[in-house]
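Here's the structure we're looking at; comments come further down.
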Amino acid sequence: MANAEKKTSAIGGGFGNISEPKKKTYWKKGADKVPGSMRPVYSAKYGPEEIAAQTRLRDHTSTKSKKKNKDPFTEFDQKMDDAWDVNEDEINTFAHSNQAVQESGRQQIVIQHEIQNERVHDTEQNVTDITNSKSPVTSQTSIGSNDVTINEPRPTSPIRMSSKPVAEVELTRQHKFGLLLAGPNTDLEELRKLSWKGIPKHVRPMTWKILLGYLPANIDRRDSTLERKREEYFSFIEQYYHTRTEPLNEDMFRQIHIDIPRTNPLIPLFQQALVQEIFERILYIWAIRHPASGYVQGINDLVTPFFVVFLSEFLGDNVKSIESYDVKQLDPGKLRVIEADTFWCMSKLLDGIQDNYTFAQPGIQKKVKQLENLIKRINAHLQKHLEHNLVEYLQFSYRWMNNLLMRELPLNCTIRVWDTYMSEPDGFAEFHLYVCAAFLQRFSKEILEQKDFQGILLLLQNLPTSKWGENEIGLLLAEAYSLKYVFSGAQNHLTRSK
């Protein structure tokens with residue numbers, strides 16, 4: 001023990017010298033015991049004499065550069081400065097390694113850029129640069145009454161417009177879809193990416209069936225699947241349709257029979273007796289097979305987009321306006337195919353939003369509340385205006401959720417929106433919420449101009465969208481995408497208010 005003390009004292013004012021007077025420090029037990037402090041370690045390579053010489057040299061250097069009134073943290077920092085020293089070889093090695101990593105990263109960026117250009121070579125600029133939206137969603141989103149700003153980088157919307165002629169772009173996109181659908185196994189992820197920006201009408205029927213899960217991705221199984229499912233549907237007709245006159249079901253069928261003529265009353269196609277009979281069968285069979293909800297008003301609207309899209313598969317470019325086409329001119333066998341496919345695809349859609357139509361419609365009530373909480377954060381001024389005039393969200397947005405905005409948009413716009421819904425995960429449930437928020441935002445200026453309850457509600461129930469087309473829908477979906485980008489991962493913003 002004595003020898004150890006002599007050995008320590010033989011080393012000058014070096015590392016951990018116990019004779020050095022203690023100084024004020026941030027550390028409770030003195031600077032000589034701070035975490036990471038270095039102590040003499042003797043070995044065959046470094047003997048006591050060499051360590052003592054290095055210690056004296058270090059103390060001599062630090063004494064020259066020592067300043068008066070040095071704070072304890074600076075003193076601690078100097079004691080630790082050699083812990084970060086690296087020699088020249090290490091620096092050169094690190095520099096070469098860093099340069100190699102950067103070069104590899106640049107090569108990866110170039111490759112990814114080339115792939116991206118190949119995928120979207122027909123797109124030149126974001127749809128948000130086409131025209132000035134009245135209520136654009138910026139990267140700085142005001143949240144709540146405290147105006148907290150989220151400085152998120154603005155997401156690149158999947159919607160883009162090309163500087164090429166529309167016909168050329170349409171042909172290019174149709175060719176891409178054709179190659180994808182004709183493959184032995186369709187890449188569903190790639191199909192969704194292509195579909196987000198809209199599906200060419202010639203490939204829309206097949207694409208919808210695949211995206212909804214009605215048809216398999218494997219091309220060899222599609223024909224047999226179609227044949228089996230169509231036969232199954234008409235077996236349901238034989239099994240259940242005659243029960244519509246039974247006391248247990250007659251009230252439900254009567255309601256279906258009343259609602260069918262109200263479905264898009266201004267479109268001649270849906271006022272034809274033959275088409276209405278098809279809709280009655282589809283809705284009644286679905287209701288019988290889903291007793292938890294049965295038939296609910298609003299489901300009748302969801303039949304029409306499928307019927308029009310699948311009808312277009314047999315008409316092609318022969319009919320200028322499909323909305324006025326006389327279905328009696330079509331072969332009855334083709335009508336049966338359209339009816340069965342419409343039933344199954346509508347069933348697939350409703351499977352994802354069935355809580356909208358069960359008792360008390362909890363799905364719709366939840367989405368209406370989420371819409372209100374979302375508007376509070378993105379447009380507090382509009383929210384206060386609605387509250388001041390005693391306008392409740394349920395009074396106008398119930399229909400938006402129940403009918404998926406079908407009564408607010410022209411049929412061709414609804415079909416375009418559904419292209420995107422089918423390419424989004426849970427699009428008819430989750431993404432529809434952001435579309436409704438963007439839709440309300442779009443008319444915020446007009447709403448704020450209305451000064452009373454009656455004016456606001458009349459506007460919201462008769463929004464001027466009859467002339468809307470691809471550009472307006474593109475902007476709406478781009479704004480909805482931006483909202484989803486900001487809020488989708490923060491569900492607290494949608495479930496409660498501060």
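How things are named: the first chain in the structure tokens is A, the next is B, and so on; residues count from 1 in each chain; ligands count from 1 in the order shown.
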
Query raised in the report: Can you tell me, as a PyMOL selection string, what residues are no more than 9 Å from Thr207 of chain A when counting only C-alpha atoms, ignoring any on the same chain fewer than 4 positions away?
Result: chain A and resi 177+181+191+195+199+203+211-212

Query raised in the report: segment 295-300 of chain A: which residues within 10 Å, counting only C-alpha atoms, same-chain residues fewer than 2 positions away excluded, as JSON, numbers by chain?
Result: {"A": [252, 253, 255, 256, 259, 260, 261, 262, 263, 264, 279, 280, 282, 283, 284, 285, 286, 287, 288, 290, 291, 292, 293, 302, 303, 304, 346, 350, 356, 357, 358, 359, 361, 399, 401, 402, 403, 404, 406, 407]}

Write the residues of the preceding selection, restricted to C-alpha atoms, as an mmCIF file, in the first residue's frame.
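Output below, filename again.cif:
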```cif
data_model
loop_
_atom_site.group_PDB
_atom_site.id
_atom_site.type_symbol
_atom_site.label_atom_id
_atom_site.label_comp_id
_atom_site.auth_asym_id
_atom_site.auth_seq_id
_atom_site.Cartn_x
_atom_site.Cartn_y
_atom_site.Cartn_z
ATOM 1 C CA MET A 252 -88.103 -3.172 -46.328
ATOM 2 C CA PHE A 253 -88.865 -3.906 -49.978
ATOM 3 C CA GLN A 255 -88.828 1.348 -48.886
ATOM 4 C CA ILE A 256 -86.453 0.128 -51.597
ATOM 5 C CA ASP A 259 -86.199 5.100 -52.990
ATOM 6 C CA ILE A 260 -85.197 3.732 -56.400
ATOM 7 C CA PRO A 261 -86.986 6.428 -58.477
ATOM 8 C CA ARG A 262 -85.381 9.077 -56.244
ATOM 9 C CA THR A 263 -81.923 7.848 -57.215
ATOM 10 C CA ASN A 264 -80.392 10.492 -59.519
ATOM 11 C CA PHE A 279 -81.554 -2.023 -58.691
ATOM 12 C CA GLU A 280 -84.431 -3.445 -56.658
ATOM 13 C CA ILE A 282 -79.508 -5.869 -56.070
ATOM 14 C CA LEU A 283 -80.568 -3.891 -52.994
ATOM 15 C CA TYR A 284 -83.038 -6.462 -51.727
ATOM 16 C CA ILE A 285 -80.598 -9.378 -52.007
ATOM 17 C CA TRP A 286 -77.886 -7.371 -50.273
ATOM 18 C CA ALA A 287 -80.254 -6.403 -47.433
ATOM 19 C CA ILE A 288 -81.448 -9.998 -46.944
ATOM 20 C CA HIS A 290 -76.876 -8.495 -44.258
ATOM 21 C CA PRO A 291 -79.517 -8.589 -41.518
ATOM 22 C CA ALA A 292 -77.360 -6.572 -39.091
ATOM 23 C CA SER A 293 -78.068 -3.463 -41.123
ATOM 24 C CA LEU A 302 -74.036 3.503 -54.126
ATOM 25 C CA VAL A 303 -75.332 1.217 -56.872
ATOM 26 C CA THR A 304 -75.241 3.794 -59.658
ATOM 27 C CA MET A 346 -71.202 -2.855 -54.126
ATOM 28 C CA LEU A 350 -70.148 -1.815 -48.101
ATOM 29 C CA ASN A 356 -72.385 3.449 -41.343
ATOM 30 C CA TYR A 357 -75.633 1.531 -41.772
ATOM 31 C CA THR A 358 -76.048 -0.568 -38.633
ATOM 32 C CA PHE A 359 -78.355 0.479 -35.794
ATOM 33 C CA GLN A 361 -75.280 4.426 -37.634
ATOM 34 C CA ARG A 399 -75.533 13.253 -46.088
ATOM 35 C CA MET A 401 -71.012 10.492 -45.063
ATOM 36 C CA ASN A 402 -74.157 8.520 -45.772
ATOM 37 C CA ASN A 403 -73.995 9.011 -49.558
ATOM 38 C CA LEU A 404 -70.227 9.467 -49.952
ATOM 39 C CA MET A 406 -72.720 11.500 -54.328
ATOM 40 C CA ARG A 407 -75.517 14.067 -54.002
#
```

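The spacing separating atom CA of Phe396 of chain A from atom CA of Cys436 of chain A amounts to 11.1 Å.
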
Query - Which of A:Arg204, A:Lys369, A:Arg228, A:His257 sits closest to Ile415 of chain A [using only C-alpha atoms] - result: A:Arg204

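Residues lying within 8 Å of Phe453 of chain A, counting only C-alpha atoms and ignoring same-chain neighbours fewer than 6 positions away, are A:Asn389, A:Leu390, A:Val391.
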
Can I get the selected residues back with C-alpha atoms, as an mmCIF file, in the first residue's frame?
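To be explicit, this is the file written out as selection.cif:
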```cif
data_model
loop_
_atom_site.group_PDB
_atom_site.id
_atom_site.type_symbol
_atom_site.label_atom_id
_atom_site.label_comp_id
_atom_site.auth_asym_id
_atom_site.auth_seq_id
_atom_site.Cartn_x
_atom_site.Cartn_y
_atom_site.Cartn_z
ATOM 1 C CA ASN A 389 -74.882 30.717 -36.202
ATOM 2 C CA LEU A 390 -75.834 27.468 -34.393
ATOM 3 C CA VAL A 391 -75.035 25.274 -37.403
#
```

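Of note, atom CA of Tyr393 of chain A and atom CA of Lys367 of chain A are spaced 10.3 Å apart.
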